[in-house]
There are 2 protein chains.
Amino acid sequence: MSDRRTEILRAATRVIARRGVRGLRVGELASEAGVSTSLIYYHFTDRAGILRQTLEFISDRADRYTAERDPGAQPADPRSDLEQVLLLELQDTPEVRENSTAWGELRASAVFDPDLREDLAKATHTWVHEIAELLGRAHPMGTAPAHAASAERLTALLEGLSVRWLSGSLPLEHARRLLTDAIGAELHRA
Amino acid sequence: MSDRRTEILRAATRVIARRGVRGLRVGELASEAGVSTSLIYYHFTDRAGILRQTLEFISDRADRYTAERDPGAQPADPRSDLEQVLLLELQDTPEVRENSTAWGELRASAVFDPDLREDLAKATHTWVHEIAELLGRAHPMGTAPAHAASAERLTALLEGLSVRWLSGSLPLEHARRLLTDAIGAELHRA
């Protein structure tokens with residue numbers, strides 16, 4: 001991926017997290033990224049292309065920061081892995097807050113903008129499959145459909161908790177505790 | 001409540017569900033409601049006042065349609081009551097779709113608009129308390145904090161499932177099944 005293209009996607013995520021999807025104008029994005037509007041059109045064709053690829057950029061970034069591990073740490077057991085991957089989405093760091101805000105905004109915008117729906121559904125499926133796989137490793141005696149349903153519930157709950165946190169209806173530590181208990185309950189019955 | 005005021009709130013909900021909170025202009029609301037902009041300012045003072053009272057209108061309307069019962073039906077047991085109140089938020093009727101879209105949009109907007117947060121947190125608390133009370137009736141041997149935590153999880157999950165449904169990432173019937181299973185799991189452990 002070219003550095004310029006990545007820089008534009010990083011800037012698009014910042015702009016969406018600051019002013020929302022509907023606040024994203026190509027001219028503003030160009031000045032935020034320090035590039036020309038024609039370079040943006042060269043890489044992304046149109047506004048829909050920017051949004052689609054920003055969605056992918058946000059998913060990839062979340063994959064990266066939820067996989068981070070202290071280099072000195074013991075290899076984790078599958079349950080801790082699962083907890084880490086989900087709980088690292090509820091962290092008050094600038095990167096996670098920005099990423100979660102932009103993801104929630106793309107989700108909310110897709111209610112009004114049918115163009116976003118297919119890519120969002122794809123990104124959601126990818127996420128659900130990753131979590132289902134971790135659930136399968138943490139609870140190998142369960143069935144695949146039960147793991148998939150648990151993964152759908154846990155990720156939808158995480159989205160619900162995340163937007164409550166970001167909109168000031170739920171303190172972060174409490175959101176983390178609610179999610180931890182939900183993980184325990186899903187593993188218990190899986 | 002004056003009929004004119006109610007008519008304006010009904011129109012504000014329609015406009016938010018159609019174009020989003022950021023698409024709500026007082027001039028457009030006036031023509032949607034068939035009233036003058038000065039009447040809107042008389043009732044609501046400013047745009048923030050419109051949004052606050054629309055939030056309340058939406059909550060009250062959800063209270064009403066989730067309490068509807070077939071007049072010939074048997075009195076329900078507490079668990080069916082709980083299931084009904086939650087599952088009636090996932091119905092493909094124009095009223096529920098409009099109400100859920102507007103609620104999700106107010107939730108998403110509060111991430112960017114601090115003015116909305118206090119009223120949204122209040123409406124969320126009221127909802128959580130109602131569900132916690134129903135959980136207490138369905139499972140009287142549980143503790144109040146356990147019921148409250150279950151109510152927070154179930155309502156956050158419902159918000160997450162609802163926006164996935166409305167954004168085209170989850171079929172409605174599947175969302176209903178995921179929520180039904182989550183209610184069962186919360187009652188099982190409460």
# chains A, B, ... in the order shown; residues from 1 in each chain; ligands from 1
>>> interface_residues(of="chain A", to="chain B", cutoff="10 Å", atoms="only C-alpha atoms", output="ChimeraX atom specification")
/A:17-20,22-23,101,104-114,116-125,149-150,152-170,174-175,177-179,181-182,185-186,188-189
>>> residues_around(residues="range 4-8 of chain B", least_positions_apart="3", cutoff="9 Å", atoms="only C-alpha atoms", output="number ranges by chain")
B: 1, 11-13, 29-30, 32-35, 39-40, 43-44, 50, 57
>>> write_last_selection(atoms="N, CA and C atoms", output="mmCIF file, in the first residue's frame")
data_model
loop_
_atom_site.group_PDB
_atom_site.id
_atom_site.type_symbol
_atom_site.label_atom_id
_atom_site.label_comp_id
_atom_site.auth_asym_id
_atom_site.auth_seq_id
_atom_site.Cartn_x
_atom_site.Cartn_y
_atom_site.Cartn_z
ATOM 1 N N MET B 1 -50.526 17.762 27.037
ATOM 2 C CA MET B 1 -49.637 18.199 25.951
ATOM 3 C C MET B 1 -50.489 18.718 24.784
ATOM 4 N N ALA B 11 -43.416 14.935 13.822
ATOM 5 C CA ALA B 11 -42.733 15.330 12.575
ATOM 6 C C ALA B 11 -41.214 15.312 12.763
ATOM 7 N N ALA B 12 -40.730 15.737 13.935
ATOM 8 C CA ALA B 12 -39.275 15.736 14.190
ATOM 9 C C ALA B 12 -38.735 14.302 14.153
ATOM 10 N N THR B 13 -39.497 13.370 14.723
ATOM 11 C CA THR B 13 -39.089 11.958 14.697
ATOM 12 C C THR B 13 -39.004 11.457 13.257
ATOM 13 N N LEU B 29 -38.508 21.192 9.426
ATOM 14 C CA LEU B 29 -39.413 20.635 10.435
ATOM 15 C C LEU B 29 -40.753 21.369 10.411
ATOM 16 N N ALA B 30 -40.682 22.696 10.270
ATOM 17 C CA ALA B 30 -41.916 23.491 10.228
ATOM 18 C C ALA B 30 -42.785 23.055 9.054
ATOM 19 N N GLU B 32 -42.682 20.175 7.448
ATOM 20 C CA GLU B 32 -43.121 18.785 7.684
ATOM 21 C C GLU B 32 -44.322 18.743 8.650
ATOM 22 N N ALA B 33 -44.267 19.610 9.676
ATOM 23 C CA ALA B 33 -45.333 19.613 10.686
ATOM 24 C C ALA B 33 -46.514 20.502 10.276
ATOM 25 N N GLY B 34 -46.335 21.299 9.206
ATOM 26 C CA GLY B 34 -47.405 22.211 8.789
ATOM 27 C C GLY B 34 -47.640 23.341 9.776
ATOM 28 N N VAL B 35 -46.561 23.828 10.406
ATOM 29 C CA VAL B 35 -46.677 24.954 11.343
ATOM 30 C C VAL B 35 -45.607 25.994 10.989
ATOM 31 N N LEU B 39 -43.804 29.121 15.815
ATOM 32 C CA LEU B 39 -44.512 28.226 16.751
ATOM 33 C C LEU B 39 -43.539 27.184 17.307
ATOM 34 N N ILE B 40 -42.616 26.708 16.470
ATOM 35 C CA ILE B 40 -41.634 25.728 16.942
ATOM 36 C C ILE B 40 -40.741 26.357 18.016
ATOM 37 N N HIS B 43 -42.602 26.665 21.341
ATOM 38 C CA HIS B 43 -42.715 25.440 22.139
ATOM 39 C C HIS B 43 -41.370 24.901 22.637
ATOM 40 N N PHE B 44 -40.295 25.081 21.837
ATOM 41 C CA PHE B 44 -39.055 24.353 22.132
ATOM 42 C C PHE B 44 -37.827 25.242 22.335
ATOM 43 N N ILE B 50 -35.677 21.067 20.834
ATOM 44 C CA ILE B 50 -36.408 20.129 19.954
ATOM 45 C C ILE B 50 -35.839 18.715 20.131
ATOM 46 N N PHE B 57 -40.122 11.997 23.567
ATOM 47 C CA PHE B 57 -41.276 11.527 22.781
ATOM 48 C C PHE B 57 -41.026 10.105 22.266
#
>>> residues_around(residues="Ala132 in chain A", least_positions_apart="4", cutoff="10 Å", atoms="only C-alpha atoms", output="count of residues only")
17
>>> select_by_dssp(residues="chain B", states="alpha helix (DSSP H)", output="count of residues only")
143
>>> closest_residue(among="B:Leu135, B:Pro171, B:Arg25, B:Arg97", to="Asp46 in chain B", atoms="only C-alpha atoms")
B:Arg25
>>> residues_around(residues="Arg69 in chain B", least_positions_apart="2", cutoff="12 Å", atoms="only C-alpha atoms", output="count of residues only")
15
>>> closest_residue(among="B:Thr45, B:Val15, B:His139, B:Glu98", to="Ser31 in chain B", atoms="only C-alpha atoms")
B:Val15
>>> closest_residue(among="B:Ser38, B:Pro78, B:Ile16, B:Thr93", to="Leu55 in chain B", atoms="only C-alpha atoms")
B:Ile16
